[in-house]
Structure formats: structure tokens, C-alpha cells
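S.K.: Following this message is one structure expressed as C-alpha cells.
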Amino acid sequence: MKRINHDHHRDSTDELLSRLLRGEAGGGELEHALLNEFHRGCPVSKLRLLLHAEDDKAAAAGMWIASELGISAKPLFRDIVKLMCHRAIKVRFFSLDCVLVCAGSRDASAINLGVDLIDDPEFAVRWKAMVFLTSVNDTLLRAALIARMWHDKSDQRAQRFLQLLASVGTRDSAAILVALTDGDLLVRRFAAAMGARMTARDLDPINQAVQSTEPTIRQFAQDMLARFRIEQRR
């Protein structure tokens, strides 16, 4: 009986993978069914078939499933990092969730790829990258930015980012407020993310970011402020 159940489980997983690879991704039903198969014990390595699919919808389905698996997707981490610059918006978008959960102390390059996505051509990915910067562990982000500076000691933007992260730790909201008016758009986006990290003790940076004329910063700040207010009511 156990053998029969195991074979049925395997056949069901393979059928779902085949259908998604044939171009049936995108509706949600198959993706959720396959996610359940992984929760039931299907080897996570099978997800590589989707992650590396030529079809963008299939690859996006694979990355969404990986993001839903949380730390269980860790064996796929290298595959995920290689796809952070994928042509499909949803692949880039959900890769950030995976990196946020799975990155460790030796994954500075992956964190820096996440930092770079604040300059993505797509609004949704820029927004997600800012959320990523709000959420990533202080120690990991600091290590990534230091690694970035060592790689290119002339990278003044990396130095600014590191200074802004330090401002969060020292509760120096004044430095973030100044950076929110910087002439460099990416510095302003990074500053907004750092401001969101300070909402529990100082709302001035996020309130200033809400007034930004730059759409990504403004929307991000509105969303983070709304999230903070919901959390405060709990």
C-alpha cells in the first residue's frame, strides 16, 4: 500500500510539472496543487524543471512556489540567485522573497543583487526590492555593502548606503531625511527603505517619503506607513 501511495504521489507531481511546462501556468490552480505536493514531501529538486523553463510563465510559477516554500527552498538557492535578473517580472519579483528567507552570511552577492533591483525597469520589482531592503537582516545587509565597497573602493553609492544603514542603528533620522532629497534617485530609494526600518521609533522619514514626487518611493512609503498603522492597532 505504501508503495502504491508513493507511486501515486510521484505520478501526480510529474503530471502537474508536465502541465505547467506545457504552458498551463498562470491560473493559480496548478501552482497551488504542486506547492501542496512539495509540502507533502516531493523532492524540492524537481522544482528546477520549472525554474529553468524556457516559458516565462512556467519559470514564474516555479519561483512563486519556491517563495512559498520558505527555508525549504534553500537547496535551490544557487538556482534562484542566478535568476534574479531573469527577463520575466514575476521571476525577479518572487526571487527577492526567496533570498530574504534563505540568504546566509556568505551570500553577500545575492543581497547586493537585491539592492540593485531598486533600479529595475519595472515598478513592481523596484517596489519589492525596497520592501526587501526594509526586511533584510542588518548584519547581512552591512556585510553585503562592505563586500560591495571592497569590490570597488570607488563605489560612492555603496558608501552612502552603508552610512544610511548605520543611521538606522544609531537612530540618526536626520541623515535619512537629508538623503530623501538627494540628487541621486537610487540614494533616495534606499533612504526611503531605511526610513521604513525606523517607523517603530520615528515616523518623520517615512512621512517625508510619502510626499516624494517619485512614484516608487511614494507608493512604497504609503504602503509601509499603512502596514505600520495596522500593526499598531493589533
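As shown in the C-alpha cells, the chain order sets the letters A, B, ...; within each chain, residues go from 1, and ligands are also counted from 1 in the order they appear.
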Contacts between range 85-97 of chain A and range 108-157 of chain A, please, where a residue of range 108-157 of chain A counts if it comes within 8 Å (with only C-alpha atoms); show its shortest atom pair and distance in Å to one decimal, rows by chain and ascending number, as a tab-separated table.
M.R.:
residue	atom	partner	partner_atom	distance
A:Gly114	CA	A:Leu96	CA	6.5
A:Glu122	CA	A:Ile89	CA	7.3
A:Ala124	CA	A:Phe93	CA	7.3
A:Val125	CA	A:Phe93	CA	5.2
A:Lys128	CA	A:Phe93	CA	6.4
A:Ala129	CA	A:Leu96	CA	7.0
A:Phe132	CA	A:Leu96	CA	6.6
S.K.: List the neighbours of Trp150 in chain A out to 12 Å using only C-alpha atoms; skip same-chain residues closer than 6 positions along the sequence, and give me the result as a list in words.
M.R.: Ala108, Ala143, Ala144, Gln156, Ala158 and Gln159 of chain A
S.K.: Which one of A:Ile118, A:Arg227, A:Arg233, A:Leu35 sits closest to Val187 in chain A if you count only C-alpha atoms?
M.R.: A:Ile118
S.K.: Excluding Arg148 in chain A and residues on its chain fewer than 2 positions from it, collect all residues at most 12 Å away from it, counting only C-alpha atoms, and give them as a PyMOL selection string.
M.R.: chain A and resi 107-113+115-116+141-146+150-162
S.K.: I need the residues from that last selection saved to file as an mmCIF file, in the first residue's frame (with N, CA and C atoms), if you can.
M.R.:
data_model
loop_
_atom_site.group_PDB
_atom_site.id
_atom_site.type_symbol
_atom_site.label_atom_id
_atom_site.label_comp_id
_atom_site.auth_asym_id
_atom_site.auth_seq_id
_atom_site.Cartn_x
_atom_site.Cartn_y
_atom_site.Cartn_z
ATOM 1 N N ASP A 107 26.396 35.045 1.598
ATOM 2 C CA ASP A 107 25.624 35.339 0.398
ATOM 3 C C ASP A 107 25.529 36.835 0.104
ATOM 4 N N ALA A 108 26.636 37.540 0.301
ATOM 5 C CA ALA A 108 26.653 38.984 0.065
ATOM 6 C C ALA A 108 26.287 39.335 -1.373
ATOM 7 N N SER A 109 26.734 38.520 -2.323
ATOM 8 C CA SER A 109 26.451 38.824 -3.727
ATOM 9 C C SER A 109 24.958 38.772 -4.015
ATOM 10 N N ALA A 110 24.259 37.836 -3.380
ATOM 11 C CA ALA A 110 22.811 37.732 -3.574
ATOM 12 C C ALA A 110 22.097 38.946 -2.977
ATOM 13 N N ILE A 111 22.536 39.371 -1.801
ATOM 14 C CA ILE A 111 21.946 40.554 -1.184
ATOM 15 C C ILE A 111 22.169 41.779 -2.066
ATOM 16 N N ASN A 112 23.354 41.901 -2.622
ATOM 17 C CA ASN A 112 23.649 43.049 -3.476
ATOM 18 C C ASN A 112 22.853 43.037 -4.775
ATOM 19 N N LEU A 113 22.548 41.850 -5.282
ATOM 20 C CA LEU A 113 21.661 41.775 -6.441
ATOM 21 C C LEU A 113 20.279 42.303 -6.072
ATOM 22 N N VAL A 115 19.748 44.586 -3.770
ATOM 23 C CA VAL A 115 19.932 46.037 -3.709
ATOM 24 C C VAL A 115 19.823 46.635 -5.105
ATOM 25 N N ASP A 116 20.452 46.009 -6.082
ATOM 26 C CA ASP A 116 20.452 46.535 -7.451
ATOM 27 C C ASP A 116 19.056 46.601 -8.060
ATOM 28 N N LEU A 141 22.929 42.791 5.484
ATOM 29 C CA LEU A 141 22.975 43.956 4.595
ATOM 30 C C LEU A 141 24.288 44.710 4.767
ATOM 31 N N ARG A 142 24.730 44.854 5.989
ATOM 32 C CA ARG A 142 26.001 45.533 6.231
ATOM 33 C C ARG A 142 27.155 44.770 5.571
ATOM 34 N N ALA A 143 27.170 43.454 5.757
ATOM 35 C CA ALA A 143 28.227 42.631 5.159
ATOM 36 C C ALA A 143 28.216 42.738 3.639
ATOM 37 N N ALA A 144 27.017 42.774 3.060
ATOM 38 C CA ALA A 144 26.903 42.877 1.601
ATOM 39 C C ALA A 144 27.437 44.213 1.100
ATOM 40 N N LEU A 145 27.099 45.286 1.800
ATOM 41 C CA LEU A 145 27.543 46.609 1.365
ATOM 42 C C LEU A 145 29.047 46.776 1.538
ATOM 43 N N ILE A 146 29.591 46.204 2.599
ATOM 44 C CA ILE A 146 31.040 46.250 2.787
ATOM 45 C C ILE A 146 31.731 45.462 1.672
ATOM 46 N N TRP A 150 34.522 46.755 -1.033
ATOM 47 C CA TRP A 150 35.818 46.120 -1.242
ATOM 48 C C TRP A 150 36.018 45.741 -2.700
ATOM 49 N N HIS A 151 34.922 45.376 -3.342
ATOM 50 C CA HIS A 151 34.999 45.006 -4.760
ATOM 51 C C HIS A 151 35.335 46.229 -5.608
ATOM 52 N N ASP A 152 34.774 47.366 -5.228
ATOM 53 C CA ASP A 152 35.031 48.607 -5.968
ATOM 54 C C ASP A 152 35.109 49.742 -4.955
ATOM 55 N N LYS A 153 36.310 50.071 -4.539
ATOM 56 C CA LYS A 153 36.501 51.075 -3.499
ATOM 57 C C LYS A 153 36.077 52.472 -3.941
ATOM 58 N N SER A 154 35.827 52.648 -5.224
ATOM 59 C CA SER A 154 35.368 53.947 -5.721
ATOM 60 C C SER A 154 33.841 54.039 -5.768
ATOM 61 N N ASP A 155 33.160 52.989 -5.304
ATOM 62 C CA ASP A 155 31.696 52.954 -5.338
ATOM 63 C C ASP A 155 31.138 53.854 -4.229
ATOM 64 N N GLN A 156 30.950 55.110 -4.564
ATOM 65 C CA GLN A 156 30.475 56.075 -3.571
ATOM 66 C C GLN A 156 29.039 55.804 -3.154
ATOM 67 N N ARG A 157 28.254 55.249 -4.061
ATOM 68 C CA ARG A 157 26.869 54.935 -3.704
ATOM 69 C C ARG A 157 26.824 53.872 -2.613
ATOM 70 N N ALA A 158 27.681 52.860 -2.700
ATOM 71 C CA ALA A 158 27.730 51.829 -1.665
ATOM 72 C C ALA A 158 28.104 52.437 -0.318
ATOM 73 N N GLN A 159 29.018 53.400 -0.342
ATOM 74 C CA GLN A 159 29.390 54.081 0.893
ATOM 75 C C GLN A 159 28.207 54.839 1.484
ATOM 76 N N ARG A 160 27.439 55.491 0.633
ATOM 77 C CA ARG A 160 26.244 56.208 1.109
ATOM 78 C C ARG A 160 25.235 55.237 1.701
ATOM 79 N N PHE A 161 25.043 54.123 1.021
ATOM 80 C CA PHE A 161 24.098 53.122 1.523
ATOM 81 C C PHE A 161 24.519 52.630 2.908
ATOM 82 N N LEU A 162 25.807 52.379 3.065
ATOM 83 C CA LEU A 162 26.316 51.888 4.348
ATOM 84 C C LEU A 162 26.128 52.941 5.438
#
S.K.: Nearest to Arg40 in chain A: which of A:Arg10, A:Arg106, A:Lys57, A:Arg229 is it, counting only C-alpha atoms?
M.R.: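 Selected residue with least distance to Arg40 in chain A: A:Arg10.
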S.K.: Would you pick out the contacts of Ala221 in chain A at 7 Å or less, using only C-alpha atoms, so that residues sharing its chain but fewer than 4 positions from it are not included, and give the list as a list in words?
M.R.: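 Close residues of Ala221 in chain A: Ile206, Ala209, Val210, Ile217 and Leu225 of chain A.
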S.K.: Take CA of Glu231 in chain A and CA of Val99 in chain A and report the distance between them in Å, one decimal.
M.R.: 24.4 Å
S.K.: I need the helix (DSSP H, G or I) residues of range 35-188 of chain A per DSSP on the backbone, written as a ChimeraX atom specification.
M.R.: /A:35-39,44-51,56-82,89-102,108-119,123-135,138-151,156-169,173-179,185-188
S.K.: Which one is closest to Gly169 in chain A: A:Leu20, A:Ala147, A:Leu185, A:Met198? Count only C-alpha atoms.
M.R.: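 Of A:Leu20, A:Ala147, A:Leu185, A:Met198, the one nearest Gly169 in chain A is A:Met198, counting only C-alpha atoms.
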S.K.: Have a look at CA of Phe220 in chain A and CA of Ala58 in chain A and let me know their distance in Å, one decimal.
M.R.: 28.2 Å
S.K.: Could you build a table of the residues in range 99-141 of chain A lying no more than 10 Å from range 64-76 of chain A, giving for each the nearest pair of atoms and their separation in Å rounded to one decimal place, using only C-alpha atoms, ordered by chain and ascending residue number, as a Markdown table?
M.R.:
| residue | atom | partner | partner_atom | distance |
| --- | --- | --- | --- | --- |
| A:Val99 | CA | A:Ser67 | CA | 8.7 |
| A:Leu100 | CA | A:Gly70 | CA | 9.2 |
| A:Val101 | CA | A:Ile71 | CA | 6.0 |
| A:Cys102 | CA | A:Lys74 | CA | 5.5 |
| A:Ala103 | CA | A:Lys74 | CA | 8.3 |
S.K.: Next, the residues of the selection above should be written as a PDB file, in the first residue's frame with C-alpha atoms.
M.R.:
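Writing done, so here's out.pdb:
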ATOM      1  CA  VAL A  99      16.719  35.410  -0.968  1.00  0.00           C
ATOM      2  CA  LEU A 100      15.282  37.186   2.057  1.00  0.00           C
ATOM      3  CA  VAL A 101      14.498  33.860   3.730  1.00  0.00           C
ATOM      4  CA  CYS A 102      17.383  31.702   2.505  1.00  0.00           C
ATOM      5  CA  ALA A 103      20.425  34.012   2.359  1.00  0.00           C
TER       6      ALA A 103
END
